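I have placed the structure first, in the form of structure tokens, so that the comments after it can refer back to it.
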Amino acid sequence: MKILLAVDGSDYTRRMLAYLEAHDKLLGHDNDFTALTVVAQLPPRARGVMSRDERGRLHSEEAQKVLDPVLAFLQRYGGSSAQGHFEVGQPGETIARYAQEGQFDLIVMGSHGHGRLANLMLGSVTTAVLSHCNVPVLLVR
């Protein structure tokens, strides 16, 4: 199975990884893992004073802070061929697009566990992924 792990380095990512560890069939050697983190676009003023290379380097450094621990975890638990990628943009829409374009079988992501009212008022990466994507999503709270 081709599995996309949507990660952001938060406690919710750590809970999701703990869930995978506890459900070791998901971490089987026959699964193909890709960890994806979405880095926020820099504000226009910052983009204006930085070169494209500087922006790329900054985005890459921020992404690696999130991806390195996840990839280390996957290597310990059987996903030795796991890959890490980052994109720049809005998290929900970017995760959904990446999952569909990459033809993933499953997205696994941590969720904050807000109720309906909070999602309506605050917005939610999870809600955006669910509304923009037809790939099955496993939410871990």
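Just remember, in the structure tokens the first chain shown is A, the second B, etc., residues are 1-based per chain, and ligands are 1-based in the order shown.
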
Where does segment 82-116 of chain A meet segment 9-28 of chain A within 9 Å, residue by residue, with the nearest atom pair and distance in Å to one decimal for each, counting only C-alpha atoms, listed by chain and rising number, as a tab-separated table?
residue	atom	partner	partner_atom	distance
A:Val108	CA	A:Met16	CA	7.7
A:Met109	CA	A:Met16	CA	6.4
A:Gly110	CA	A:Tyr12	CA	4.8
A:Ser111	CA	A:Tyr12	CA	6.2
A:His112	CA	A:Tyr12	CA	6.7

Write out the residues from the selection above, keeping N, CA, C and O atoms, as an mmCIF file, in the first residue's frame.
data_model
loop_
_atom_site.group_PDB
_atom_site.id
_atom_site.type_symbol
_atom_site.label_atom_id
_atom_site.label_comp_id
_atom_site.auth_asym_id
_atom_site.auth_seq_id
_atom_site.Cartn_x
_atom_site.Cartn_y
_atom_site.Cartn_z
ATOM 1 N N VAL A 108 -2.495 9.325 6.220
ATOM 2 C CA VAL A 108 -2.571 9.208 7.677
ATOM 3 C C VAL A 108 -2.125 10.540 8.240
ATOM 4 O O VAL A 108 -1.077 11.069 7.870
ATOM 5 N N MET A 109 -2.945 11.092 9.131
ATOM 6 C CA MET A 109 -2.598 12.378 9.722
ATOM 7 C C MET A 109 -3.178 12.503 11.120
ATOM 8 O O MET A 109 -4.180 11.873 11.449
ATOM 9 N N GLY A 110 -2.499 13.287 11.943
ATOM 10 C CA GLY A 110 -3.004 13.591 13.269
ATOM 11 C C GLY A 110 -4.038 14.687 13.165
ATOM 12 O O GLY A 110 -4.010 15.513 12.256
ATOM 13 N N SER A 111 -4.978 14.667 14.102
ATOM 14 C CA SER A 111 -6.027 15.681 14.109
ATOM 15 C C SER A 111 -6.109 16.315 15.485
ATOM 16 O O SER A 111 -5.940 15.636 16.497
ATOM 17 N N HIS A 112 -6.397 17.584 15.491
ATOM 18 C CA HIS A 112 -6.519 18.308 16.757
ATOM 19 C C HIS A 112 -7.747 17.880 17.536
ATOM 20 O O HIS A 112 -7.823 18.092 18.722
#

| message | If we count only C-alpha atoms and set the cut-off at 12 Å, which residues sit around Arg97 of chain A, ignoring sequence neighbours fewer than 2 positions away in its own chain? Please answer as a list in words. | response |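 Those residues are Leu4, Leu36, Val38, Glu87, Gly89, Gln90, Pro91, Gly92, Glu93, Thr94, Ile95, Ala99, Gln100, Glu101, Gly102, Gln103, Phe104, Ile107, Ala128, Val129, Leu130, Ser131, His132, Cys133, Asn134 and Val135 of chain A.
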
Next, dump the selected residues to file, keeping only C-alpha atoms, as a PDB file, in the first residue's frame.
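The file below, result10.pdb, is the result:
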ATOM      1  CA  LEU A   4       1.148   9.385   2.709  1.00  0.00           C
ATOM      2  CA  LEU A  36       4.898  15.195   3.548  1.00  0.00           C
ATOM      3  CA  VAL A  38       3.739  21.743   4.050  1.00  0.00           C
ATOM      4  CA  GLU A  87       5.678  21.637  -0.466  1.00  0.00           C
ATOM      5  CA  GLY A  89       1.465  26.493   0.332  1.00  0.00           C
ATOM      6  CA  GLN A  90      -1.810  26.016   2.171  1.00  0.00           C
ATOM      7  CA  PRO A  91      -1.597  22.718   4.099  1.00  0.00           C
ATOM      8  CA  GLY A  92      -5.041  21.200   3.506  1.00  0.00           C
ATOM      9  CA  GLU A  93      -5.282  21.826  -0.206  1.00  0.00           C
ATOM     10  CA  THR A  94      -1.610  20.964  -0.764  1.00  0.00           C
ATOM     11  CA  ILE A  95      -1.864  17.622   1.061  1.00  0.00           C
ATOM     12  CA  ALA A  99      -2.075  12.639  -2.404  1.00  0.00           C
ATOM     13  CA  GLN A 100      -4.194  12.584  -5.535  1.00  0.00           C
ATOM     14  CA  GLU A 101      -1.346  13.376  -7.936  1.00  0.00           C
ATOM     15  CA  GLY A 102       0.869  10.762  -6.255  1.00  0.00           C
ATOM     16  CA  GLN A 103      -1.932   8.170  -6.425  1.00  0.00           C
ATOM     17  CA  PHE A 104      -1.655   7.307  -2.744  1.00  0.00           C
ATOM     18  CA  ILE A 107      -3.404   9.475   3.972  1.00  0.00           C
ATOM     19  CA  ALA A 128      -9.658  20.932   3.962  1.00  0.00           C
ATOM     20  CA  VAL A 129      -8.018  17.578   3.185  1.00  0.00           C
ATOM     21  CA  LEU A 130     -11.333  15.754   3.543  1.00  0.00           C
ATOM     22  CA  SER A 131     -13.170  18.231   1.335  1.00  0.00           C
ATOM     23  CA  HIS A 132     -10.537  18.426  -1.435  1.00  0.00           C
ATOM     24  CA  CYS A 133      -9.518  14.797  -1.718  1.00  0.00           C
ATOM     25  CA  ASN A 134     -10.972  11.423  -2.664  1.00  0.00           C
ATOM     26  CA  VAL A 135      -8.118   9.420  -1.095  1.00  0.00           C
TER      27      VAL A 135
END

| field | Between atom CA of Ser60 of chain A and atom CA of Phe86 of chain A, distance in Å (one decimal) | value |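 Pair atom CA of Ser60 of chain A / atom CA of Phe86 of chain A returns 7.6 Å.
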
| Test item: residues at most 8 Å from Thr37 of chain A, only C-alpha atoms, excluding those fewer than 5 positions along its chain, as a PyMOL selection string | chain A and resi 6-8+63+66-67+85-87

| message | Can you tell me, as a PyMOL selection string, which residues in chain A count as strand (DSSP E or B) by DSSP? | response | chain A and resi 2-6+32-39+83-88+106-110+137-140

Using N, CA, C and O atoms, can you write the selected residues to a file as a compact mmCIF listing (two decimals), in the first residue's frame?
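Contents of the output file part_26.txt:
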# COMPACT_ATOMS: atom_id res chain seq x y z
N LYS A 2 0.48 2.24 -0.72
CA LYS A 2 1.20 3.51 -0.82
C LYS A 2 0.56 4.49 0.17
O LYS A 2 -0.58 4.91 -0.01
N ILE A 3 1.31 4.84 1.23
CA ILE A 3 0.77 5.61 2.35
C ILE A 3 1.46 6.97 2.45
O ILE A 3 2.69 7.05 2.48
N LEU A 4 0.65 8.03 2.51
CA LEU A 4 1.15 9.39 2.71
C LEU A 4 0.94 9.78 4.16
O LEU A 4 -0.19 9.74 4.66
N LEU A 5 2.02 10.13 4.84
CA LEU A 5 1.94 10.63 6.21
C LEU A 5 2.03 12.15 6.16
O LEU A 5 3.05 12.70 5.77
N ALA A 6 0.95 12.82 6.52
CA ALA A 6 0.93 14.28 6.56
C ALA A 6 1.42 14.70 7.94
O ALA A 6 0.77 14.39 8.94
N ASP A 32 4.63 1.39 1.24
CA ASP A 32 5.53 2.42 0.72
C ASP A 32 5.13 3.74 1.36
O ASP A 32 4.03 4.24 1.11
N PHE A 33 6.02 4.30 2.21
CA PHE A 33 5.70 5.51 2.97
C PHE A 33 6.34 6.75 2.36
O PHE A 33 7.50 6.73 1.97
N THR A 34 5.56 7.82 2.34
CA THR A 34 6.07 9.14 2.02
C THR A 34 5.58 10.09 3.11
O THR A 34 4.38 10.15 3.38
N ALA A 35 6.51 10.79 3.75
CA ALA A 35 6.15 11.81 4.73
C ALA A 35 6.13 13.15 4.01
O ALA A 35 7.08 13.50 3.31
N LEU A 36 5.05 13.89 4.18
CA LEU A 36 4.90 15.20 3.55
C LEU A 36 4.65 16.24 4.61
O LEU A 36 3.78 16.07 5.47
N THR A 37 5.40 17.32 4.54
CA THR A 37 5.11 18.48 5.36
C THR A 37 4.91 19.68 4.44
O THR A 37 5.52 19.75 3.37
N VAL A 38 4.03 20.56 4.85
CA VAL A 38 3.74 21.74 4.05
C VAL A 38 4.24 22.96 4.81
O VAL A 38 3.86 23.20 5.95
N VAL A 39 5.13 23.69 4.16
CA VAL A 39 5.74 24.88 4.75
C VAL A 39 4.95 26.11 4.29
O VAL A 39 4.59 26.21 3.12
N GLN A 83 10.31 8.00 2.09
CA GLN A 83 10.77 9.25 1.49
C GLN A 83 10.15 10.42 2.23
O GLN A 83 9.06 10.31 2.78
N GLY A 84 10.83 11.54 2.19
CA GLY A 84 10.30 12.77 2.75
C GLY A 84 10.24 13.85 1.69
O GLY A 84 11.16 13.97 0.88
N HIS A 85 9.16 14.59 1.69
CA HIS A 85 8.99 15.69 0.73
C HIS A 85 8.35 16.87 1.44
O HIS A 85 7.68 16.71 2.46
N PHE A 86 8.58 18.04 0.87
CA PHE A 86 7.88 19.21 1.38
C PHE A 86 7.35 20.01 0.21
O PHE A 86 7.86 19.94 -0.91
N GLU A 87 6.29 20.73 0.49
CA GLU A 87 5.68 21.64 -0.47
C GLU A 87 5.48 22.96 0.26
O GLU A 87 5.43 23.01 1.49
N VAL A 88 5.34 24.02 -0.50
CA VAL A 88 5.07 25.34 0.06
C VAL A 88 3.64 25.70 -0.33
O VAL A 88 3.27 25.59 -1.50
N LEU A 106 -3.72 5.80 0.85
CA LEU A 106 -4.17 6.21 2.17
C LEU A 106 -3.36 7.42 2.63
O LEU A 106 -2.15 7.47 2.42
N ILE A 107 -4.05 8.36 3.28
CA ILE A 107 -3.40 9.47 3.97
C ILE A 107 -3.57 9.21 5.46
O ILE A 107 -4.68 8.91 5.91
N VAL A 108 -2.50 9.32 6.22
CA VAL A 108 -2.57 9.21 7.68
C VAL A 108 -2.12 10.54 8.24
O VAL A 108 -1.08 11.07 7.87
N MET A 109 -2.94 11.09 9.13
CA MET A 109 -2.60 12.38 9.72
C MET A 109 -3.18 12.50 11.12
O MET A 109 -4.18 11.87 11.45
N GLY A 110 -2.50 13.29 11.94
CA GLY A 110 -3.00 13.59 13.27
C GLY A 110 -4.04 14.69 13.17
O GLY A 110 -4.01 15.51 12.26
N VAL A 137 -8.68 8.74 4.26
CA VAL A 137 -7.89 9.42 5.28
C VAL A 137 -8.09 8.72 6.62
O VAL A 137 -9.22 8.51 7.05
N LEU A 138 -6.98 8.36 7.27
CA LEU A 138 -7.01 7.81 8.63
C LEU A 138 -6.59 8.94 9.55
O LEU A 138 -5.45 9.43 9.49
N LEU A 139 -7.54 9.40 10.38
CA LEU A 139 -7.27 10.49 11.34
C LEU A 139 -6.95 9.89 12.69
O LEU A 139 -7.68 9.03 13.18
N VAL A 140 -5.88 10.35 13.29
CA VAL A 140 -5.48 9.89 14.62
C VAL A 140 -5.61 11.08 15.56
O VAL A 140 -5.02 12.12 15.34

| Which parts of chain A does DSSP call helix (DSSP H, G or I) when run on the backbone here, written out as an NGL selection string? | :A and (11-22 or 44-49 or 52-76 or 91-101 or 116-122 or 125-132)

| Between atom CA of Thr126 of chain A and atom CA of Ala82 of chain A, what is the spacing in Å? |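 According to the coordinates, atom CA of Ala82 of chain A and atom CA of Thr126 of chain A are separated by 22.9 Å.
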